[in-house]
Structure formats: structure tokens, C-alpha cells
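Chemist: The structure is given below, and queries will be raised subsequently.
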Amino acid sequence: MAKPVVIVVGADKGGVGKTTVSRTLLDYFSANNVPTRAFDTESPRGTLKRFHPDITEIVDMTTTSDQMKIFDTLNAASPSVTVIDVRAGLLSPALASLRDIGFLDAAKSGQITFAVFHILGPSIASLDEIAETANFMQGAKYFLVKNFINDTQFFQWDQATYNSYFHRIKDATELTIPKLNEMAYEQVEVASVPFLKFVANKGVHDEAENYSFVLRGYVRHWLANVWSEFDRIKLTDLVGSGKSGVRGGEK
């Protein structure tokens, strides 16, 4: 049996685009034919579930019963990847819970593949988060994600300060998520479909749609750039399926 893979996407700061990154991950795994399930911790409403309803369950990660829904089913569930979209303010408490239930020890001993996509905002508060998160990262693959959801510059005023935080975590890897054209982003929001379906001009139930050719082009180009970052960090290697070539949705 393949090792379970758990990917946590989060930040303690709000408004940095965590769910957008989770959506690109789900599309990427789908295009690479990697079975995936997702948990949306923005209980009770959920944002991720709106775009990926078939594979997403809304949970309250602060409750023991919902923690059991996620982690007691890792070996029993057929999907090889579990993506957890952690709501704002919950990243550090969630990692502390994972430590308390022995999950981090299991990751450290190689029973589980664990990765954290830490979405950074363009402020010193995000740097402080790195210092706090570092305490939980033994045994985890740690990705620092600069998500350009707006035109803000990231720490260019003091690269040395950024570096001093970044190097606190051994083997941390940086990723850059480029900015998506605002109108294109808004149109995908209105359509409430995965980015892949929007590019393919399909609706929620795969019915033909009539989305803007121009906006679909912007999304296609942006998604290709995001996926090239995922290819660069060899994301499919996490699940032992280093696939290459033509992916679903890229034909």
C-alpha cells in the first residue's frame, strides 16, 4: 500500500489566498491522475467545497471527532493524497494538534508523507509565522509560498530580514504563485468551477459553457505557470508518481 500523503495549506494571517492555492493543487493532482480528497476547515460554510464539491468535506479541525474523520481514514481511504485547507488563524493550532495526536512523529518516522504549504502575506507578521511554524516542521516538507494575489512586493525592503527567518527551517523550499488577472479570477468565482473546468469551457456538471475566450486564456496561462512551479518542486514525487508528458486538461 502506498504511503498516505497529507498536504496542509495554511497561514495564520487571513486574506493571503490559501484556498486559491488549494484549488490549484487539486487541479494539478487531477490532471496528473493522482486520486485526491480534500478537507475544508472553514466550517460551517466552506469555500473550497464550493469549487470541488465531489471530493471535499467541510470539517471543524478543532474538534476531536472531525480530526478522526481526517486522520483515522488515511490508510482506509483510497485517495493517495489528502489536502487540508486550513482556515485563517488555525495553522499553528492545527500543527500543535498534529503533534499532540502523534501525527508529526509518524511523519518523522516515515509512515506518512507530510507537506506544508505555508502561504505568506507581504508583511512582517507572516515572517513571525515562519518562526512559530518552524517548531513543527521536523519530518515535514516545508514550502514557503509567495502568493501574489495583489501587486504588493514581498519583503524587498529588507531581504536580509526575510532570509534570517527563511533559513530557520532546514530544507525549506520557496514557491511563487503569480498574480491572476482580476477579471479572470472574478469570472471563475462567479462560475464556481475548478480552474481546469473554466479553461475547458465546462460547467459544474461538465456541461458546455460560454465563458470568455480571453479570460479563459488568462486562466490557462496562469495555471500553466503555477503548475510549472509544482513541477519544479517535483510535487508528484511526493506520491511516488513522477509523471510527465501530456496531462489531462493540457491537450
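Residues are named by chain letter and number: chains run A, B, ... in the order of the C-alpha cells, numbers start at 1 in each chain, and ligands are numbered from 1 in the order shown.
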Could the residues of range 11-42 of chain A that have an atom at most 10 Å from range 62-77 of chain A be listed as JSON lines, each with its closest atom pair and the distance in Å to one decimal, counting only C-alpha atoms and ordered by chain and ascending residue number?
Modeler:
```
{"residue": "A:Thr36", "atom": "CA", "partner": "A:Ala77", "partner_atom": "CA", "distance": 9.9}
{"residue": "A:Arg37", "atom": "CA", "partner": "A:Ala77", "partner_atom": "CA", "distance": 9.0}
{"residue": "A:Ala38", "atom": "CA", "partner": "A:Ile70", "partner_atom": "CA", "distance": 9.3}
{"residue": "A:Phe39", "atom": "CA", "partner": "A:Ile70", "partner_atom": "CA", "distance": 7.7}
{"residue": "A:Thr41", "atom": "CA", "partner": "A:Thr62", "partner_atom": "CA", "distance": 9.0}
```
Chemist: Can you pull out every residue within 8 Å of Pro4 in chain A, counting only C-alpha atoms, but drop anything in the same chain fewer than 2 positions away, and send it as a ChimeraX atom specification?
Modeler: /A:2,6,74-75,80-82,111-113
Chemist: Pick the closest to Val188 in chain A from A:Arg220, A:Lys18, A:Lys234, A:Lys146: which is it, counting only C-alpha atoms?
Modeler: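 Closest to Val188 in chain A, using only C-alpha atoms: A:Arg220.
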Chemist: Using only C-alpha atoms, which protein or nucleic acid residues come within 10 Å of Leu196 in chain A? Drop anything in the same chain fewer than 2 positions from it, and give the result as JSON, numbers by chain.
Modeler: {"A": [23, 24, 26, 27, 28, 30, 31, 193, 194, 198, 199, 200, 201, 202, 216, 219, 220, 223, 248, 249, 250]}
Chemist: Please compute the CA of Asp40 in chain A-CA of Leu215 in chain A distance, one decimal, in Å.
Modeler: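 Between CA of Asp40 in chain A and CA of Leu215 in chain A the gap is 27.1 Å.
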Chemist: From the DSSP assignment of the backbone, select every residue of range 114-221 of chain A that is strand (DSSP E), and format the answer as a list in words.
Modeler: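 Across range 114-221 of chain A, those assigned strand (DSSP E) are Phe114, Ala115, Val116, Phe117, His118, Ile119, Leu120, Lys141, Tyr142, Phe143, Leu144, Val145, Lys146, Asn147, Thr173, Glu174, Leu175, Thr176 and Ile177 of chain A.
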Chemist: What does the file look like for those residues with N, CA, C and O atoms, as a PDB file, in the first residue's frame?
Modeler:
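Output file again-v8.pdb follows:
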```pdb
ATOM      1  N   PHE A 114       4.329  14.046   4.715  1.00  0.00           N
ATOM      2  CA  PHE A 114       3.652  15.250   5.195  1.00  0.00           C
ATOM      3  C   PHE A 114       4.294  16.479   4.569  1.00  0.00           C
ATOM      4  O   PHE A 114       5.518  16.629   4.571  1.00  0.00           O
ATOM      5  N   ALA A 115       3.468  17.340   3.992  1.00  0.00           N
ATOM      6  CA  ALA A 115       3.965  18.580   3.401  1.00  0.00           C
ATOM      7  C   ALA A 115       3.105  19.747   3.878  1.00  0.00           C
ATOM      8  O   ALA A 115       1.891  19.612   4.058  1.00  0.00           O
ATOM      9  N   VAL A 116       3.750  20.882   4.103  1.00  0.00           N
ATOM     10  CA  VAL A 116       3.045  22.101   4.493  1.00  0.00           C
ATOM     11  C   VAL A 116       3.303  23.179   3.451  1.00  0.00           C
ATOM     12  O   VAL A 116       4.460  23.495   3.141  1.00  0.00           O
ATOM     13  N   PHE A 117       2.217  23.701   2.886  1.00  0.00           N
ATOM     14  CA  PHE A 117       2.300  24.863   2.016  1.00  0.00           C
ATOM     15  C   PHE A 117       1.901  26.076   2.844  1.00  0.00           C
ATOM     16  O   PHE A 117       0.718  26.291   3.106  1.00  0.00           O
ATOM     17  N   HIS A 118       2.897  26.828   3.282  1.00  0.00           N
ATOM     18  CA  HIS A 118       2.666  27.983   4.152  1.00  0.00           C
ATOM     19  C   HIS A 118       2.557  29.220   3.261  1.00  0.00           C
ATOM     20  O   HIS A 118       3.514  29.645   2.630  1.00  0.00           O
ATOM     21  N   ILE A 119       1.344  29.778   3.194  1.00  0.00           N
ATOM     22  CA  ILE A 119       1.090  30.911   2.299  1.00  0.00           C
ATOM     23  C   ILE A 119       1.466  32.212   3.010  1.00  0.00           C
ATOM     24  O   ILE A 119       0.901  32.548   4.051  1.00  0.00           O
ATOM     25  N   LEU A 120       2.413  32.924   2.425  1.00  0.00           N
ATOM     26  CA  LEU A 120       2.908  34.145   3.051  1.00  0.00           C
ATOM     27  C   LEU A 120       2.160  35.376   2.567  1.00  0.00           C
ATOM     28  O   LEU A 120       1.860  35.507   1.385  1.00  0.00           O
ATOM     29  N   LYS A 141       7.868  18.228   4.712  1.00  0.00           N
ATOM     30  CA  LYS A 141       8.392  19.003   3.588  1.00  0.00           C
ATOM     31  C   LYS A 141       7.722  20.364   3.668  1.00  0.00           C
ATOM     32  O   LYS A 141       6.498  20.460   3.681  1.00  0.00           O
ATOM     33  N   TYR A 142       8.530  21.402   3.741  1.00  0.00           N
ATOM     34  CA  TYR A 142       8.011  22.735   4.039  1.00  0.00           C
ATOM     35  C   TYR A 142       8.180  23.642   2.829  1.00  0.00           C
ATOM     36  O   TYR A 142       9.286  23.843   2.340  1.00  0.00           O
ATOM     37  N   PHE A 143       7.050  24.177   2.347  1.00  0.00           N
ATOM     38  CA  PHE A 143       7.072  25.060   1.193  1.00  0.00           C
ATOM     39  C   PHE A 143       6.571  26.442   1.608  1.00  0.00           C
ATOM     40  O   PHE A 143       5.460  26.572   2.135  1.00  0.00           O
ATOM     41  N   LEU A 144       7.403  27.437   1.377  1.00  0.00           N
ATOM     42  CA  LEU A 144       7.012  28.824   1.638  1.00  0.00           C
ATOM     43  C   LEU A 144       6.475  29.411   0.337  1.00  0.00           C
ATOM     44  O   LEU A 144       7.211  29.508  -0.651  1.00  0.00           O
ATOM     45  N   VAL A 145       5.212  29.784   0.334  1.00  0.00           N
ATOM     46  CA  VAL A 145       4.556  30.193  -0.903  1.00  0.00           C
ATOM     47  C   VAL A 145       4.305  31.702  -0.892  1.00  0.00           C
ATOM     48  O   VAL A 145       3.564  32.217  -0.047  1.00  0.00           O
ATOM     49  N   LYS A 146       4.941  32.376  -1.825  1.00  0.00           N
ATOM     50  CA  LYS A 146       4.658  33.800  -2.026  1.00  0.00           C
ATOM     51  C   LYS A 146       3.525  33.892  -3.034  1.00  0.00           C
ATOM     52  O   LYS A 146       3.719  33.614  -4.223  1.00  0.00           O
ATOM     53  N   ASN A 147       2.356  34.250  -2.562  1.00  0.00           N
ATOM     54  CA  ASN A 147       1.179  34.276  -3.418  1.00  0.00           C
ATOM     55  C   ASN A 147       0.846  35.721  -3.786  1.00  0.00           C
ATOM     56  O   ASN A 147       0.402  36.495  -2.941  1.00  0.00           O
ATOM     57  N   THR A 173      11.598  25.201   0.989  1.00  0.00           N
ATOM     58  CA  THR A 173      11.595  25.478  -0.447  1.00  0.00           C
ATOM     59  C   THR A 173      10.638  26.623  -0.733  1.00  0.00           C
ATOM     60  O   THR A 173       9.515  26.642  -0.236  1.00  0.00           O
ATOM     61  N   GLU A 174      11.091  27.574  -1.544  1.00  0.00           N
ATOM     62  CA  GLU A 174      10.240  28.700  -1.905  1.00  0.00           C
ATOM     63  C   GLU A 174       9.455  28.409  -3.178  1.00  0.00           C
ATOM     64  O   GLU A 174       9.969  27.789  -4.105  1.00  0.00           O
ATOM     65  N   LEU A 175       8.210  28.859  -3.199  1.00  0.00           N
ATOM     66  CA  LEU A 175       7.379  28.810  -4.402  1.00  0.00           C
ATOM     67  C   LEU A 175       6.809  30.189  -4.658  1.00  0.00           C
ATOM     68  O   LEU A 175       6.549  30.936  -3.717  1.00  0.00           O
ATOM     69  N   THR A 176       6.577  30.482  -5.912  1.00  0.00           N
ATOM     70  CA  THR A 176       5.940  31.748  -6.269  1.00  0.00           C
ATOM     71  C   THR A 176       4.678  31.460  -7.071  1.00  0.00           C
ATOM     72  O   THR A 176       4.718  30.763  -8.081  1.00  0.00           O
ATOM     73  N   ILE A 177       3.565  31.972  -6.573  1.00  0.00           N
ATOM     74  CA  ILE A 177       2.298  31.880  -7.304  1.00  0.00           C
ATOM     75  C   ILE A 177       2.040  33.246  -7.932  1.00  0.00           C
ATOM     76  O   ILE A 177       1.838  34.231  -7.225  1.00  0.00           O
TER      77      ILE A 177
END
```
Chemist: Looking only at alpha helix (DSSP H) from DSSP on the backbone, list the matching residues of range 86-228 of chain A as a ChimeraX atom specification.
Modeler: /A:91-100,103-108,124-133,159-166,182-191,195-199,213-228
Chemist: Calculated over only C-alpha atoms, which of the candidates A:His221, A:Lys13, A:His52, A:Lys3 has the smallest distance to Asn181 in chain A?
Modeler: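 Ranking A:His221, A:Lys13, A:His52, A:Lys3 by distance to Asn181 in chain A, first place goes to A:His221.
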Chemist: How far is it from CA of Ile7 in chain A to CA of Leu95 in chain A, in Å with one decimal?
Modeler: 11.8 Å
Chemist: Write out as a VMD selection string which residues come within 8 Å of Ser22 in chain A when counting only C-alpha atoms, dropping same-chain ones fewer than 2 positions away.
Modeler: chain A and resid 9 18 to 20 24 to 26 48 83 85
Chemist: Quote the spacing between CA of Tyr211 in chain A and CA of Ala191 in chain A in Å to one decimal place.
Modeler: 8.8 Å
Chemist: Tell me, as JSON, numbers by chain, which residues lie within 10 Å of range 133-136 of chain A, counting only C-alpha atoms; anything in the same chain fewer than 4 positions away does not count.
Modeler: {"A": [11, 12, 91, 92, 93, 95, 96, 98, 99, 104, 116, 118, 127, 128, 129, 140, 142, 165, 166, 167, 168, 169, 170, 172]}
Chemist: From the options A:Ile55, A:Ala184, A:Ile233, A:Ile149, which residue's atoms come nearest to Gly121 in chain A, counting only C-alpha atoms?
Modeler: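 For Gly121 in chain A, the nearest of the candidates is A:Ile149.
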Chemist: In terms of the shortest atom-to-atom distance over only C-alpha atoms, which of A:Pro44, A:Gly89, A:Pro35, A:Gly139 is closest to Thr236 in chain A?
Modeler: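 Closest candidate: A:Pro35.
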